[in-house]
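Okay, structure first, notes after.
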Amino acid sequence: MKRIIAAFLLLAFTFVACKQSDVTQTNSYVSSDIQTETSLTGSTTSKTEDVLNNSTVSQIESSGSDSSYTQPETSHDALSTYIYTGGGFLPISYITDGNQHFSGEISLLNNWPQMPDPESLPKIDTSDMYIGDSVAEYLCYNSHEAVMNVLASNGDWDFFPTKVRYEKYSLTNQPDCDEWTAYFQKQLDEVSANAPIIFTQACFFEIAEQGTKVAIVNAGNTFEVGIDTDFFSGYDMPTDPMSPPFDTTARYQMSAIFIYQDEQVTTYELLNNIELVSESEGENEYAPLDKWHSLDYYSVQKTGDELTIYPIYASHVTWQSMHQYTFNYTYVLSDIDGDGTSELIVHWPVHYGFLQILRIDNGKVEIVATISTL
């Protein structure tokens, strides 16, 4: 019951908090002094530059306002834009007479504007925002259908003026970036010093006229069976029950934005969802008790310097809480309102009626809108 209550509270409040963290970086590492609502500064390392610039320097297109750009005419025709989140299309932009109706905190339950049916609008494939063949495939937690993959809009501008490079990591192919590791390790150490940092994916883009490079990084150590099986390529997956040391076992999903500008790096927290598994809870998950428990998840833990993969056997009650530790945030970078500047749409697939719209400007992250069906 405690888990169900915690999951509900997390769903209700997690999108409201887009926090900027303070990490002062002296050499190649971020220091351990992290506070919220202040700046992170420091210099980038050569390893970071390798990660940021991997095959993208000549391919990334600049974003932001173009001097030749003309704002779309809105005095007569309303401009509507939606995005698909699994439970249907959610509106993310609505402009009438030059006014944007989606700003601040928006509850669609109480104030759904009179917008056109998204099914009647032209569809735009969000895969067009990516460079090359590497495209993120985001899934809804319960139906496993694709989400964040389609926009619906009556706009006729370029929806993807900023191109994104997507990297999907594996357990044997992890990025070597000191500030990423130090930032996430600080978060984990507050709960479990022995939980391993496992990077799962990252999105990179550049705002050239501002001299800004951005990396959005996801990390997590809990995975659903049958999804992202290639993440464990090269590993023999366990099938027999075995229990980790519960006093140091944590499962988590974390996400952060790293902004590189003027030889400084600023980090904004998006998701910090970490749970220390107690022995009483863990015994019911890491060892099947009856026929109702099936092998549904894997958890990666650290034993000394070695990584160990543990099977998790889930009942229906366990499943209700486990999805928040197996699904991370998803992202689309798109000009949703036709002003020539890209917005970052952030969505957690475990709650398809909730998303945030962010804008990155001169090294700062601004929350444009928080949209909810609650």
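Identifiers for the structure tokens are assigned positionally: chains receive A, B, ... in sequence, residues are indexed from 1 per chain, and ligands are indexed from 1 in the order shown.
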
Q.
Need to verify the contact set: range 232-244 of chain A, 12 Å, only C-alpha atoms, exclusion of same-chain residues closer than 5 positions in sequence. Can you return it as a PyMOL selection string?
A. chain A and resi 169-174+194-195+198+200+221-227+249-251+276-289+293-303+307-313

How would the residues just picked look written out with C-alpha atoms as a PDB file, in the first residue's frame?
ATOM      1  CA  TYR A 169      23.853   2.486 -24.716  1.00  0.00           C
ATOM      2  CA  SER A 170      24.317  -1.110 -23.601  1.00  0.00           C
ATOM      3  CA  LEU A 171      25.781  -2.741 -20.541  1.00  0.00           C
ATOM      4  CA  THR A 172      29.019  -3.342 -22.446  1.00  0.00           C
ATOM      5  CA  ASN A 173      29.045   0.076 -24.158  1.00  0.00           C
ATOM      6  CA  GLN A 174      28.871   2.832 -21.558  1.00  0.00           C
ATOM      7  CA  ASN A 194      26.719   0.401  -3.933  1.00  0.00           C
ATOM      8  CA  ALA A 195      24.149   0.878  -6.686  1.00  0.00           C
ATOM      9  CA  ILE A 198      24.068   2.503 -15.693  1.00  0.00           C
ATOM     10  CA  THR A 200      20.764   3.836 -20.941  1.00  0.00           C
ATOM     11  CA  ASN A 221      19.319  -0.142 -13.485  1.00  0.00           C
ATOM     12  CA  THR A 222      15.953  -1.913 -13.737  1.00  0.00           C
ATOM     13  CA  PHE A 223      14.615  -3.371 -16.980  1.00  0.00           C
ATOM     14  CA  GLU A 224      11.477  -5.144 -18.122  1.00  0.00           C
ATOM     15  CA  VAL A 225      11.907  -8.621 -19.579  1.00  0.00           C
ATOM     16  CA  GLY A 226      11.439  -8.630 -23.343  1.00  0.00           C
ATOM     17  CA  ILE A 227      12.201  -4.918 -23.783  1.00  0.00           C
ATOM     18  CA  THR A 249      20.135  -2.749  -3.219  1.00  0.00           C
ATOM     19  CA  ALA A 250      18.434   0.161  -4.976  1.00  0.00           C
ATOM     20  CA  ARG A 251      16.422   0.411  -8.156  1.00  0.00           C
ATOM     21  CA  LEU A 276      16.116   1.247  -1.573  1.00  0.00           C
ATOM     22  CA  VAL A 277      14.681  -2.276  -1.603  1.00  0.00           C
ATOM     23  CA  SER A 278      14.017  -3.547   1.901  1.00  0.00           C
ATOM     24  CA  GLU A 279      14.520  -7.204   2.748  1.00  0.00           C
ATOM     25  CA  SER A 280      10.819  -7.802   3.420  1.00  0.00           C
ATOM     26  CA  GLU A 281       9.894  -6.372   0.014  1.00  0.00           C
ATOM     27  CA  GLY A 282      12.805  -7.924  -1.819  1.00  0.00           C
ATOM     28  CA  GLU A 283      12.154 -11.459  -0.644  1.00  0.00           C
ATOM     29  CA  ASN A 284       8.808 -11.350  -2.421  1.00  0.00           C
ATOM     30  CA  GLU A 285      10.343 -10.101  -5.641  1.00  0.00           C
ATOM     31  CA  TYR A 286      13.687 -11.823  -5.998  1.00  0.00           C
ATOM     32  CA  ALA A 287      12.331 -15.253  -5.031  1.00  0.00           C
ATOM     33  CA  PRO A 288       9.001 -16.458  -6.508  1.00  0.00           C
ATOM     34  CA  LEU A 289       6.556 -17.554  -3.842  1.00  0.00           C
ATOM     35  CA  HIS A 293       4.926 -14.646  -9.586  1.00  0.00           C
ATOM     36  CA  SER A 294       6.612 -14.606 -12.992  1.00  0.00           C
ATOM     37  CA  LEU A 295      10.016 -13.409 -14.198  1.00  0.00           C
ATOM     38  CA  ASP A 296       9.172  -9.893 -15.374  1.00  0.00           C
ATOM     39  CA  TYR A 297      12.177  -7.667 -14.627  1.00  0.00           C
ATOM     40  CA  TYR A 298      15.948  -7.604 -14.256  1.00  0.00           C
ATOM     41  CA  SER A 299      17.898  -5.447 -11.834  1.00  0.00           C
ATOM     42  CA  VAL A 300      21.593  -4.671 -12.271  1.00  0.00           C
ATOM     43  CA  GLN A 301      23.494  -4.392  -8.994  1.00  0.00           C
ATOM     44  CA  LYS A 302      27.145  -4.017  -8.084  1.00  0.00           C
ATOM     45  CA  THR A 303      29.079  -6.631  -6.127  1.00  0.00           C
ATOM     46  CA  LEU A 307      28.021  -6.115 -12.129  1.00  0.00           C
ATOM     47  CA  THR A 308      25.431  -8.776 -11.332  1.00  0.00           C
ATOM     48  CA  ILE A 309      22.049  -9.159 -13.035  1.00  0.00           C
ATOM     49  CA  TYR A 310      19.256 -10.277 -10.711  1.00  0.00           C
ATOM     50  CA  PRO A 311      15.866 -11.598 -11.875  1.00  0.00           C
ATOM     51  CA  ILE A 312      12.755 -10.018 -10.330  1.00  0.00           C
ATOM     52  CA  TYR A 313       9.548 -12.020 -10.058  1.00  0.00           C
TER      53      TYR A 313
END

Q.
Excluding Thr330 in chain A and its own-chain neighbours fewer than 3 positions away, which residues fall within 7 Å of it when counting only C-alpha atoms? Please give them as a ChimeraX atom specification.
A. /A:138,346-348

Q.
Report, in Å with one decimal, the straight-line distance from CA of Ile95 in chain A to CA of Gly338 in chain A.
A. 9.8 Å

Q. Using the chain letters and numbers from this document, which residues of range 101-301 of chain A does DSSP assign to strand (DSSP E or B), as a ChimeraX atom specification?
A. /A:104-107,123-125,130,139,146,150-153,164-168,170,173,199-207,212-220,222-224,250-261,264-276,294-301

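Among the candidates A:Thr81, A:Thr267, A:Gln356, A:Gln324, the residue lying nearest to Ala182 in chain A is A:Thr267 (atoms considered: only C-alpha atoms).
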
Q) In Å, how far is it from CA of Asn273 in chain A to CA of Gly220 in chain A? A) 9.4 Å

Q | Å distance separating CA of Ala208 in chain A from CA of Lys163 in chain A, one decimal place | A | 11.4 Å

(Q) Counting only C-alpha atoms, which residue out of A:Phe199, A:Phe102, A:Phe327, A:Tyr260 sits closest to Val214 in chain A? (A) A:Tyr260

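Nearest to Asp337 in chain A of all the residues A:Ile357, A:Ala202, A:Val350, A:Cys177 is A:Ile357, counting only C-alpha atoms.
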
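Here the question is which of A:Leu109, A:Tyr325, A:Ser153, A:Asp305 gets nearest to Pro196 in chain A using only C-alpha atoms, and that residue is A:Asp305.
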